[in-house]
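Undergrad: Once you've had a glance at the structure underneath, I'll fire off some questions.
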Amino acid sequence: CLATDKVCMDIVSARVVAWCFVVLLLFSAVPSVQAAPIDLDGDVSVNQLADWINEAGTASDIRRQCADRLVAEAIDRRRGASRAVAALLGNDRPLHARRAVLFAIARSDQADEVSLFAEATLAMRGALPAEFEDVWVRTLGRIESEDNADELAKTALDEQAQMQQRRLAIRALGEHRRLYAAKALMELTSVNRLPQVQAWAYDALANLSHQDKLGQDRSEWAQWYNQASDLNATQWQRMLHTNLLQKIRDKQDTQSNVKDRLLQTQRALHRATPADQRQALLVEYMKDSLEGTRLLAMDLVRQRLDDGGDFGALLREQLRARLDDKLAKVREESATLLGQLLDAQAADLIATRLASGNEGDAGVERAY
């Protein structure tokens, strides 16, 4: 072969190709194994539901349906279902299984029954991923029982416990809209507690009572707690209801003020933008998710039309797109402006809409 290297290499190459071909034939002869389709219709055993939730290959939407069904069957006292739910919440289970079951409990519309899962849910705090915190806290908030609150309070008050676990327990107490939870939180605001623990407790009290204005003033909170302690069950709930309504109104006022400032800023930005760039800015405004910004865009486009400004292809195209806007006032304005622009393409679109009879707003129809 030393004399004829090329011949040897050709022989070796031919043999390698032949062997590869044989291997391919052997593999192609082996039938592929496919997972059996998951069928949730009819009777499905608790163990089967748990297996599907646990398996990594289960599609996320199927896993969610399995978790919802398993939780519902546990609430209906089907044998073995509660034990399966508790096992799937265990710290030794895959994250996707724990997430599916915890979220199913949080979604359950049978609030009075989720207490079945209190012990297993509480046990998760030892190894709770950050992404689970909010839903874990809300779920425990739905389990409004003194036993549950006592267990959380023990952890929150335990100076030997990990700070992470104390923080979670304090947050969960803040989801209990009950005086016994407020009592535990008030104890945590004591001056002999760690400053960080006090801060968490004040935040939890604000969440529990729907009052954000008392801050970290312990004397104010003590006065609130003393007054609340004299209320009966109806008066307590009425107080929470009144506080929450006021909190919502305050947020709405704040949001309204912020939106007003935003629109003022957007109008000022339009004025400050060079003339040759304003059409692009108007297109951006018309595509915005905020209804107020799209209405502002319509106003600025009308102003442009009144001032004799030009309308390029992109601006006209976006005006036509606004004929499908979810806000009727925007649809009406775009139809009116396109009519004044004598836009031929818009005329065909409007004719089609009129013929369909799907426009439910009288103002838009008049603009057509």
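We name chains A, B, ... following the order of the structure tokens; residues begin at 1 in each chain, and ligands are numbered from 1 as shown.
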Residues near region 249-253 of chain A, anyone? I mean within 12 Å using only C-alpha atoms, not counting same-chain ones fewer than 6 positions away, as an MDAnalysis selection string.
TA: chainID A and resid 210:213 242:243 259:260
Undergrad: Keeping only N, CA and C atoms, write the selected residues to a file as a tab-separated table (two decimals), in the first residue's frame.
TA:
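See out25.tsv below for the written result:
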chain	number	residue	atom	x	y	z
A	210	HIS	N	-55.65	47.91	53.20
A	210	HIS	CA	-55.85	48.77	52.02
A	210	HIS	C	-55.58	50.23	52.34
A	211	GLN	N	-54.61	50.46	53.24
A	211	GLN	CA	-54.25	51.83	53.60
A	211	GLN	C	-52.75	52.00	53.39
A	212	ASP	N	-52.40	52.92	52.50
A	212	ASP	CA	-50.99	53.16	52.19
A	212	ASP	C	-50.44	54.41	52.86
A	213	LYS	N	-51.32	55.19	53.49
A	213	LYS	CA	-50.91	56.52	53.94
A	213	LYS	C	-50.32	56.55	55.35
A	242	THR	N	-64.43	50.17	52.24
A	242	THR	CA	-64.30	51.63	52.08
A	242	THR	C	-62.85	52.01	51.76
A	243	ASN	N	-61.91	51.40	52.48
A	243	ASN	CA	-60.49	51.70	52.25
A	243	ASN	C	-60.05	51.31	50.85
A	259	LYS	N	-51.45	60.34	32.75
A	259	LYS	CA	-51.83	60.31	31.33
A	259	LYS	C	-51.94	61.72	30.76
A	260	ASP	N	-52.47	62.64	31.55
A	260	ASP	CA	-52.56	64.03	31.09
A	260	ASP	C	-51.17	64.60	30.83
Undergrad: Please run DSSP on the backbone and report, as a VMD selection string, all residues within region 166-367 of chain A that come out as alpha helix (DSSP H).
TA: chain A and resid 166 to 173 179 to 188 195 to 209 218 to 229 233 to 272 278 to 286 291 to 306 313 to 321 328 to 340 344 to 356 362 to 367
Undergrad: Report, in Å with one decimal, the straight-line distance from CA of Thr58 (chain A) to CA of Phe132 (chain A).
TA: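 One can read the CA of Thr58 (chain A) to CA of Phe132 (chain A) distance as 20.4 Å.
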Undergrad: Could you check which of A:Asp343, A:Glu113, A:Glu55, A:Asp299 is closest to Arg316 (chain A), using only C-alpha atoms?
TA: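 Once distances to Arg316 (chain A) are computed over only C-alpha atoms, the minimum belongs to A:Asp343.
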Undergrad: In Å, rounded to a single decimal, give me how far CA of Ala351 (chain A) is from CA of Glu317 (chain A).
TA: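 Pair CA of Glu317 (chain A) / CA of Ala351 (chain A) returns 16.9 Å.
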Undergrad: Kindly indicate which residue among A:Leu263, A:Val364, A:Leu349, A:Leu208 lies nearest to Met239 (chain A), using only C-alpha atoms for the distances.
TA: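 Looking only at the distances to Met239 (chain A), the closest residue turns out to be A:Leu208.
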Undergrad: Would you kindly return, as a VMD selection string, each protein, DNA or RNA residue with an atom no farther than 8 Å from any atom of Tyr180 (chain A), considering only C-alpha atoms and excluding same-chain residues fewer than 4 positions away?
TA: chain A and resid 146 149 184
Undergrad: Taking 6 positions as the minimum chain separation for residues in the same chain, which residues sit within 10 Å of Leu205 (chain A) when counting only C-alpha atoms? Answer as a PyMOL selection string.
TA: chain A and resi 170-171+173-177+181-186+189+199+211-212+214-216+221+225
Undergrad: Work out how far apart CA of Ala297 (chain A) and CA of Val283 (chain A) are and give it in Å to one decimal.
TA: 8.1 Å
Undergrad: Find the residue from A:Ala346, A:Val101, A:Val114, A:Ala201 that sits nearest to Ala156 (chain A); use only C-alpha atoms when measuring.
TA: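 Using only C-alpha atoms, Ala156 (chain A) sits closest to A:Ala201.
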Undergrad: Could you name the residues that touch region 302-315 of chain A at 8 Å or less, counting only C-alpha atoms, but leaving out those on the same chain fewer than 5 positions away, as a count of residues only?
TA: 5
